[in-house]
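Pasting coords24.tsv here (TSV, C-alpha atoms):
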chain	number	residue	atom	x	y	z
A	8	MET	CA	41.40	47.40	9.89
A	9	SER	CA	39.65	50.81	9.85
A	10	GLN	CA	36.40	51.71	11.56
A	11	ALA	CA	34.72	51.83	8.13
A	12	ASP	CA	35.77	48.23	7.38
A	13	LEU	CA	34.47	47.08	10.75
A	14	SER	CA	31.10	48.72	10.22
A	15	ILE	CA	30.86	47.18	6.74
A	16	HIS	CA	31.79	43.77	8.13
A	17	GLY	CA	29.31	44.27	10.98
A	18	GLN	CA	26.55	45.13	8.51
A	19	VAL	CA	27.32	42.16	6.30
A	20	SER	CA	27.39	39.76	9.19
A	21	ARG	CA	24.11	41.16	10.60
A	22	SER	CA	22.34	40.90	7.24
A	23	THR	CA	23.66	37.35	6.74
A	24	ALA	CA	22.34	36.41	10.18
A	25	THR	CA	18.95	37.95	9.33
A	26	GLU	CA	18.85	36.03	6.04
A	27	VAL	CA	19.64	32.79	7.84
A	28	MET	CA	16.95	33.43	10.45
A	29	THR	CA	14.27	34.43	7.94
A	30	ALA	CA	15.12	31.89	5.22
A	31	PRO	CA	12.03	29.76	4.52
A	32	THR	CA	12.12	26.10	5.52
A	33	PHE	CA	13.51	23.90	2.71
A	34	SER	CA	13.68	27.13	0.61
A	35	VAL	CA	9.91	26.83	0.18
A	36	PRO	CA	7.78	29.99	0.56
A	37	ALA	CA	5.44	30.05	3.58
A	38	LYS	CA	2.24	29.66	1.51
A	39	LYS	CA	3.57	26.62	-0.29
A	40	MET	CA	4.88	25.11	2.96
A	41	ALA	CA	1.48	25.61	4.59
A	42	MET	CA	-0.17	23.77	1.69
A	43	TRP	CA	2.36	20.92	2.02
A	44	LEU	CA	1.61	20.60	5.73
A	45	PHE	CA	-2.12	20.53	4.93
A	46	ILE	CA	-1.52	17.87	2.27
A	47	ILE	CA	0.49	15.71	4.70
A	48	ALA	CA	-2.25	16.02	7.34
A	49	ASP	CA	-5.00	15.33	4.81
A	50	SER	CA	-3.18	12.32	3.41
A	51	ALA	CA	-3.15	10.92	6.95
A	52	THR	CA	-6.93	11.45	7.09
A	53	PHE	CA	-7.49	9.60	3.81
A	54	ALA	CA	-5.00	6.89	4.78
A	55	GLY	CA	-6.92	6.43	8.04
A	56	CYS	CA	-10.21	6.07	6.14
A	57	LEU	CA	-8.75	3.60	3.65
A	58	VAL	CA	-7.07	1.52	6.36
A	59	ALA	CA	-10.38	1.45	8.29
A	60	TYR	CA	-12.05	0.32	5.05
A	61	GLY	CA	-9.46	-2.43	4.57
A	62	PHE	CA	-9.80	-3.49	8.21
A	63	THR	CA	-13.60	-3.79	7.92
A	64	ARG	CA	-13.36	-5.54	4.55
A	65	SER	CA	-10.94	-8.15	5.94
A	66	ALA	CA	-13.05	-8.70	9.04
A	67	THR	CA	-16.37	-9.08	7.15
A	68	PRO	CA	-17.15	-12.40	5.47
A	69	ASN	CA	-19.02	-12.25	2.14
A	70	TRP	CA	-18.02	-8.68	1.35
A	71	PRO	CA	-20.29	-7.47	-1.49
A	72	ARG	CA	-18.98	-6.84	-5.01
A	73	PRO	CA	-21.71	-4.65	-6.49
A	74	PHE	CA	-19.87	-3.02	-9.39
A	75	HIS	CA	-20.63	-4.57	-12.78
A	76	SER	CA	-18.94	-2.04	-15.06
A	77	ILE	CA	-15.74	-0.01	-14.91
A	78	THR	CA	-16.79	2.44	-17.64
A	79	ASN	CA	-17.97	5.19	-15.31
A	80	VAL	CA	-14.99	5.01	-12.96
A	81	ALA	CA	-12.60	4.79	-15.92
A	82	VAL	CA	-14.06	7.97	-17.44
A	83	MET	CA	-13.90	9.69	-14.03
A	84	THR	CA	-10.23	8.68	-13.64
A	85	PHE	CA	-9.43	9.93	-17.15
A	86	ILE	CA	-11.09	13.29	-16.44
A	87	LEU	CA	-9.29	13.78	-13.13
A	88	LEU	CA	-5.87	12.84	-14.56
A	89	SER	CA	-6.46	15.13	-17.54
A	90	SER	CA	-7.42	17.98	-15.22
A	91	SER	CA	-4.02	17.61	-13.51
A	92	LEU	CA	-2.37	18.10	-16.90
A	93	THR	CA	-4.49	21.20	-17.66
A	94	MET	CA	-3.53	22.55	-14.22
A	95	MET	CA	0.14	22.07	-15.08
A	96	ILE	CA	-0.38	24.03	-18.32
A	97	ALA	CA	-1.98	26.83	-16.27
A	98	GLU	CA	0.93	26.81	-13.80
A	99	ARG	CA	3.49	27.01	-16.60
A	100	ALA	CA	1.59	29.85	-18.29
A	101	ALA	CA	1.46	31.74	-14.98
A	102	ALA	CA	5.20	31.22	-14.43
A	103	ILE	CA	5.96	33.09	-17.68
A	104	GLY	CA	3.35	35.77	-16.91
A	105	ASP	CA	0.75	34.76	-19.52
A	106	LYS	CA	-2.32	35.63	-17.44
A	107	ALA	CA	-4.95	35.01	-20.11
A	108	LYS	CA	-3.66	31.53	-20.91
A	109	ALA	CA	-3.22	30.64	-17.23
A	110	PHE	CA	-6.79	31.75	-16.46
A	111	LEU	CA	-8.20	29.82	-19.43
A	112	TRP	CA	-6.49	26.56	-18.46
A	113	MET	CA	-7.46	27.01	-14.84
A	114	MET	CA	-11.10	27.32	-15.85
A	115	ILE	CA	-10.73	24.21	-18.08
A	116	THR	CA	-9.40	22.42	-14.98
A	117	ALA	CA	-12.42	23.61	-12.99
A	118	VAL	CA	-14.76	22.32	-15.73
A	119	GLY	CA	-12.97	18.95	-15.47
A	120	GLY	CA	-13.64	18.98	-11.73
A	121	ILE	CA	-17.32	19.81	-12.27
A	122	LEU	CA	-17.61	17.02	-14.84
A	123	PHE	CA	-15.99	14.58	-12.41
A	124	ALA	CA	-18.37	15.63	-9.60
A	125	THR	CA	-21.38	15.28	-11.92
A	126	LEU	CA	-20.40	11.74	-12.91
A	127	HIS	CA	-19.77	10.92	-9.27
A	128	LEU	CA	-23.21	12.18	-8.23
A	129	ARG	CA	-24.81	10.28	-11.11
A	130	GLU	CA	-23.17	7.09	-9.86
A	131	TRP	CA	-24.32	7.82	-6.32
A	132	MET	CA	-27.90	8.36	-7.50
A	133	GLY	CA	-27.79	5.03	-9.34
A	134	MET	CA	-26.69	3.24	-6.17
A	135	ILE	CA	-29.24	5.08	-4.02
A	136	ASN	CA	-31.98	4.07	-6.50
A	137	GLU	CA	-30.91	0.43	-6.03
A	138	GLY	CA	-31.50	0.84	-2.29
A	139	ALA	CA	-28.00	1.65	-1.01
A	140	THR	CA	-27.84	4.35	1.68
A	141	LEU	CA	-25.38	5.32	4.37
A	142	PHE	CA	-26.92	2.76	6.76
A	143	HIS	CA	-28.43	0.19	4.40
A	144	ASN	CA	-26.94	-2.01	1.74
A	145	PRO	CA	-29.10	-4.28	-0.46
A	146	TRP	CA	-26.10	-6.50	-1.32
A	147	GLY	CA	-25.19	-7.52	2.23
A	148	THR	CA	-23.34	-5.87	5.06
A	149	PRO	CA	-24.33	-2.20	5.70
A	150	ALA	CA	-20.64	-1.47	6.38
A	151	PHE	CA	-20.02	-1.51	2.63
A	152	SER	CA	-22.41	1.37	1.91
A	153	SER	CA	-21.27	3.35	4.95
A	154	LEU	CA	-17.62	3.13	3.93
A	155	PHE	CA	-18.29	3.62	0.22
A	156	PHE	CA	-20.33	6.80	0.69
A	157	SER	CA	-18.00	8.12	3.42
A	158	ILE	CA	-14.75	7.67	1.50
A	159	THR	CA	-16.02	8.75	-1.91
A	160	GLY	CA	-18.01	11.55	-0.24
A	161	LEU	CA	-14.89	12.86	1.49
A	162	HIS	CA	-13.08	12.80	-1.84
A	163	LEU	CA	-16.02	14.48	-3.59
A	164	LEU	CA	-15.96	17.18	-0.92
A	165	HIS	CA	-12.29	17.80	-1.70
A	166	VAL	CA	-13.02	17.98	-5.44
A	167	SER	CA	-15.89	20.44	-4.87
A	168	GLY	CA	-13.71	22.60	-2.61
A	169	GLY	CA	-10.97	22.44	-5.23
A	170	VAL	CA	-13.32	23.62	-7.98
A	171	VAL	CA	-14.38	26.62	-5.84
A	172	ALA	CA	-10.72	27.38	-5.08
A	173	LEU	CA	-9.73	27.10	-8.75
A	174	ILE	CA	-12.44	29.55	-9.84
A	175	ALA	CA	-11.80	32.01	-6.97
A	176	VAL	CA	-8.00	31.99	-7.36
A	177	GLY	CA	-8.28	32.12	-11.18
A	178	ILE	CA	-10.50	35.22	-11.08
A	179	ARG	CA	-8.30	36.96	-8.53
A	180	TYR	CA	-5.17	36.04	-10.45
A	181	LYS	CA	-6.64	37.49	-13.62
A	182	GLY	CA	-7.65	40.61	-11.70
A	183	GLY	CA	-4.07	41.06	-10.48
A	184	ARG	CA	-4.78	40.40	-6.79
A	185	TYR	CA	-3.05	37.02	-6.75
A	186	GLN	CA	0.34	36.05	-8.14
A	187	ALA	CA	1.69	33.02	-9.99
A	188	ASP	CA	2.77	31.37	-6.75
A	189	ASP	CA	-0.84	31.45	-5.47
A	190	LEU	CA	-1.84	29.55	-8.57
A	191	GLU	CA	0.92	27.01	-7.99
A	192	VAL	CA	-0.25	26.46	-4.41
A	193	THR	CA	-3.80	25.83	-5.67
A	194	GLY	CA	-2.31	23.45	-8.23
A	195	LEU	CA	-0.60	21.49	-5.44
A	196	TYR	CA	-3.99	20.93	-3.81
A	197	TRP	CA	-5.56	19.84	-7.10
A	198	HIS	CA	-2.78	17.34	-7.81
A	199	PHE	CA	-3.23	15.97	-4.30
A	200	VAL	CA	-6.95	15.36	-4.95
A	201	ASP	CA	-5.89	13.46	-8.07
A	202	LEU	CA	-3.32	11.49	-6.08
A	203	VAL	CA	-5.90	10.37	-3.50
A	204	TRP	CA	-8.16	9.10	-6.29
A	205	MET	CA	-5.33	6.77	-7.41
A	206	PHE	CA	-5.79	4.87	-4.13
A	207	VAL	CA	-9.59	5.17	-3.87
A	208	VAL	CA	-10.19	3.61	-7.31
A	209	PRO	CA	-8.41	0.27	-6.75
A	210	LEU	CA	-9.51	-0.19	-3.15
A	211	VAL	CA	-13.13	0.95	-3.30
A	212	TYR	CA	-14.08	0.21	-6.93
A	213	LEU	CA	-11.79	-2.25	-8.67
A	214	MET	CA	-11.49	-4.72	-5.80
A	215	ASN	CA	-15.29	-4.80	-5.53
A	216	LEU	CA	-15.87	-5.62	-9.17
A	217	SER	CA	-18.18	-8.55	-9.80
A	218	HIS	CA	-16.65	-10.90	-12.37
B	1	MET	CA	13.44	32.76	-4.51
B	2	THR	CA	9.71	32.91	-5.07
B	3	THR	CA	7.64	29.92	-6.00
B	4	ALA	CA	7.24	31.25	-9.51
B	5	ASP	CA	11.04	31.32	-9.84
B	6	THR	CA	11.31	27.67	-8.87
B	7	PRO	CA	13.18	25.86	-11.63
B	8	LYS	CA	10.90	23.67	-13.67
B	9	ASN	CA	12.86	21.33	-15.86
B	10	GLY	CA	11.60	19.76	-19.04
B	11	GLY	CA	8.60	21.93	-19.85
B	12	MET	CA	5.41	20.75	-21.49
B	13	THR	CA	6.99	17.68	-23.07
B	14	ARG	CA	7.85	16.31	-19.65
B	15	ASP	CA	4.32	17.04	-18.39
B	16	LEU	CA	2.83	15.17	-21.33
B	17	ILE	CA	5.11	12.18	-20.77
B	18	VAL	CA	4.16	12.14	-17.07
B	19	TYR	CA	0.46	12.38	-17.99
B	20	VAL	CA	0.71	9.46	-20.43
B	21	CYS	CA	2.61	7.41	-17.81
B	22	LEU	CA	-0.11	8.10	-15.24
B	23	LEU	CA	-2.82	7.07	-17.71
B	24	ALA	CA	-0.91	3.88	-18.51
B	25	LEU	CA	-0.47	3.05	-14.82
B	26	ALA	CA	-4.17	3.68	-14.18
B	27	GLY	CA	-4.89	1.38	-17.15
B	28	ILE	CA	-2.71	-1.33	-15.56
B	29	GLN	CA	-4.84	-1.13	-12.41
B	30	PHE	CA	-7.97	-1.76	-14.49
B	31	VAL	CA	-6.28	-4.74	-16.18
B	32	ILE	CA	-5.30	-6.18	-12.78
B	33	ALA	CA	-8.96	-5.91	-11.68
B	34	TYR	CA	-9.89	-8.46	-14.37
B	35	GLN	CA	-7.06	-10.93	-13.58
B	36	ASP	CA	-8.06	-14.27	-12.12
B	37	ILE	CA	-6.04	-13.97	-8.89
B	38	GLY	CA	-6.72	-13.99	-5.15
B	39	THR	CA	-7.78	-10.89	-3.20
B	40	SER	CA	-4.46	-10.47	-1.40
B	41	GLN	CA	-2.50	-10.83	-4.65
B	42	MET	CA	-4.78	-8.30	-6.34
B	43	PHE	CA	-4.45	-5.92	-3.40
B	44	ALA	CA	-0.65	-6.14	-3.44
B	45	ARG	CA	-0.40	-5.58	-7.21
B	46	MET	CA	-2.82	-2.65	-7.19
B	47	MET	CA	-1.09	-0.97	-4.26
B	48	ILE	CA	2.32	-1.29	-5.93
B	49	VAL	CA	0.94	0.39	-9.07
B	50	ALA	CA	-0.87	3.04	-7.00
B	51	CYS	CA	2.33	3.86	-5.08
B	52	ILE	CA	4.28	4.22	-8.34
B	53	GLU	CA	1.51	6.48	-9.70
B	54	ALA	CA	1.54	8.59	-6.54
B	55	GLY	CA	5.33	8.83	-6.65
B	56	VAL	CA	5.32	10.03	-10.27
B	57	ALA	CA	2.61	12.62	-9.51
B	58	LEU	CA	4.44	13.84	-6.39
B	59	LEU	CA	7.81	14.15	-8.11
B	60	PHE	CA	6.74	15.82	-11.34
B	61	PHE	CA	3.26	17.38	-11.00
B	62	MET	CA	3.83	18.51	-7.41
B	63	HIS	CA	7.46	19.55	-8.09
B	64	LEU	CA	9.08	17.45	-5.35
B	65	SER	CA	11.84	16.50	-7.80
B	66	ASP	CA	12.97	20.16	-7.64
B	67	ASN	CA	13.41	20.25	-3.85
B	68	ARG	CA	15.44	17.51	-2.19
B	69	GLY	CA	14.89	18.68	1.41
B	70	LEU	CA	11.12	18.92	1.06
B	71	ARG	CA	11.06	15.55	-0.72
B	72	TRP	CA	12.66	13.78	2.26
B	73	PHE	CA	10.47	15.68	4.73
B	74	VAL	CA	7.26	14.65	2.94
B	75	LEU	CA	8.45	11.07	2.40
B	76	ILE	CA	9.58	10.39	5.98
B	77	PHE	CA	6.57	12.08	7.59
B	78	THR	CA	3.95	10.48	5.34
B	79	VAL	CA	5.47	7.00	5.42
B	80	ALA	CA	5.76	7.16	9.24
B	81	VAL	CA	2.07	8.10	9.60
B	82	ILE	CA	0.88	5.48	7.10
B	83	MET	CA	3.03	2.76	8.69
B	84	GLY	CA	1.64	3.71	12.09
B	85	LEU	CA	-1.88	3.14	10.77
B	86	GLN	CA	-1.12	-0.49	9.96
B	87	TYR	CA	-1.05	-1.69	13.55
B	88	GLY	CA	-4.62	-3.05	13.42
B	89	TRP	CA	-4.28	-5.43	10.47
B	90	SER	CA	-3.56	-8.50	12.54
B	91	ASP	CA	-6.77	-7.86	14.51
B	92	ALA	CA	-8.76	-7.55	11.28
B	93	PHE	CA	-7.65	-11.00	10.14
B	94	ARG	CA	-8.16	-12.48	13.61
B	95	LEU	CA	-11.77	-11.29	13.60
B	96	SER	CA	-12.53	-13.00	10.29
B	97	ASN	CA	-10.36	-16.11	10.47
B	98	GLY	CA	-9.69	-16.67	14.16
B	99	VAL	CA	-5.96	-16.70	13.43
B	100	PRO	CA	-3.21	-16.27	14.43
B	101	TRP	CA	-3.83	-15.58	18.12
B	102	ALA	CA	-7.42	-16.45	18.93
B	103	ARG	CA	-6.90	-20.22	18.96

Output the file's structure as structure tokens, nothing else.
Amino acid sequence: MSQADLSIHGQVSRSTATEVMTAPTFSVPAKKMAMWLFIIADSATFAGCLVAYGFTRSATPNWPRPFHSITNVAVMTFILLSSSLTMMIAERAAAIGDKAKAFLWMMITAVGGILFATLHLREWMGMINEGATLFHNPWGTPAFSSLFFSITGLHLLHVSGGVVALIAVGIRYKGGRYQADDLEVTGLYWHFVDLVWMFVVPLVYLMNLSH
Amino acid sequence: MTTADTPKNGGMTRDLIVYVCLLALAGIQFVIAYQDIGTSQMFARMMIVACIEAGVALLFFMHLSDNRGLRWFVLIFTVAVIMGLQYGWSDAFRLSNGVPWAR
């Protein structure tokens, strides 16, 4: 084997070693991995809140069932699920480089988020007008109001943050400062917000429906 | 491979099917809410549907179906944390019913 062959083999083996050492975990880019780690941590936060809610509900006799109608929560669920679809359309448009379409669908997703937050606040105002606050509940135990406003408030905070992120990332993507993968990472967060709602609705709303 | 290069199978048709499935599953939860069953039964049924919904969203909207390694990482980590949170249930029932250990 000549010296030239050795140097070529040496170079190949060094570059292979570098590739192995710098290869992203699970072949996922760092930004996406960071978002996944955030999602895992945040899901633990929400799970903790919902388990605490379940614990308190089980331990409290005569738990109130103040919800008379499912119309509002059904519309909110429909809007949030639809916004996940519009986000997917934006992601697919970004993947093929159609910036205008991706930006448009991202903004439609943000409008869905704003609509959801508006309906949520309207519902909150209705409950506050009936006398429910963070520390007072006209239908019985104050724990109900505390947990209701805390859990839905935490979710609303995530939706509001998501709307800001959608608008900011959308504008920067359109301006050429962000790439398609940034949009996909934002999409991951938005789908997660949707996913959390799938557990909040049955536990906090549907199981407290007055028949 | 960048994130944008990640293979996405199925296209828009698949997304629409997933969306309709999620709407249907959410609808099932609303139907369960009006069933004349006990609280624990209702809780169990709703959680089963919610877990299926979450699984569908994770696999297809969040692209976990495209990455086997990440899928197992997320599943094992999340399930371990959520299972760990369940340690207090027995206390919750003991507080309200005085069973099984208080008597």

*Near Phe53 in chain A, counting all atoms listed in the file, which residues have an atom at most 12 Å away, once you skip same-chain residues fewer than 2 positions from it, shown as a ChimeraX atom specification?*
/A:46-51,55-60,157-162,165,199-200,202-207 /B:78,81-82,85

_Within 12 Å of Thr78 in chain A using only C-alpha atoms, minus same-chain residues under 5 positions, as an MDAnalysis selection string_ = (chainID A and resid 83:85 126 130 212:213 216) or (chainID B and resid 27 30)

So that each row is one residue of range 17-115 of chain A with an atom at most 12 Å from range 37-40 of chain B, can you give its shortest atom pair and the distance in Å to one decimal, using only C-alpha atoms, rows by chain and rising number, as a Markdown table?
| residue | atom | partner | partner_atom | distance |
| --- | --- | --- | --- | --- |
| A:Gly61 | CA | B:Ser40 | CA | 11.2 |
| A:Arg64 | CA | B:Thr39 | CA | 10.9 |
| A:Ser65 | CA | B:Thr39 | CA | 10.1 |
| A:Trp70 | CA | B:Thr39 | CA | 11.4 |

*Name the residues in contact with Arg99 in chain A at a cut-off of 10 Å, using all atoms listed in the file, excluding same-chain residues fewer than 6 positions from it; report them as a VMD selection string.*
(chain A and resid 93 105 108 to 109 187 190 to 191) or (chain B and resid 4 8 11 to 12)

*Can you tell me, as an NGL selection string, what residues are no more than 12 Å from Thr193 in chain A when counting all atoms listed in the file, ignoring any on the same chain fewer than 4 positions away?*
(:A and (38-39 or 41-43 or 45-46 or 91 or 94-95 or 97-98 or 113 or 116-117 or 168-177 or 180 or 185-189 or 197-200)) or (:B and (62))

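Compared by their closest atoms to chain B, and using only C-alpha atoms, the residues A:Val35, A:Ile135, A:Ala107, A:Leu141 rank with A:Val35 nearest.
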
*Please provide as an NGL selection string all residues within 7 Å of Gly119 in chain A, with the sequence filter that same-chain residues fewer than 4 positions apart are discarded (counting only C-alpha atoms).*
:A and (86-87 or 90 or 115 or 123)

*asked:* What's the separation between CA of Tyr87 in chain B and CA of Ala54 in chain A, in Å to one decimal place?
replied: 12.9 Å

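One distance worth recording is that between CA of Gly133 in chain A and CA of Pro145 in chain A, which is 12.9 Å.
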
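Taking only C-alpha atoms into account, Glu137 in chain A lies nearest to A:Pro73 out of the set A:Pro73, A:Leu111, A:Phe155, A:Pro149.
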
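Taking all atoms listed in the file into account, chain B lies nearest to A:Ala37 out of the set A:Ala139, A:Val166, A:Ala37, A:Leu122.
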
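What separates CA of Ala24 in chain B from CA of Leu88 in chain A is a distance of 11.0 Å.
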
*Determine the nearest neighbour of chain A from the options B:Ile76, B:Val20, B:Ala54, B:Leu64, counting only C-alpha atoms.*
B:Ala54

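Of the listed residues (A:His143, A:His75, A:His127, A:Arg179), A:His75 comes nearest to chain B; the distances count only C-alpha atoms.
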
_Counting only C-alpha atoms, the residue of A:Trp112, A:Phe74, A:Phe33, A:Phe156 that sits nearest chain B_ = A:Phe33

*Give as JSON, numbers by chain the set of residues within 9 Å of the point (16.5, 21.8, -1.1), where distances use the file's coordinates and all atoms listed in the file.*
{"A": [33, 34, 35], "B": [66, 67, 68, 69, 70, 71]}
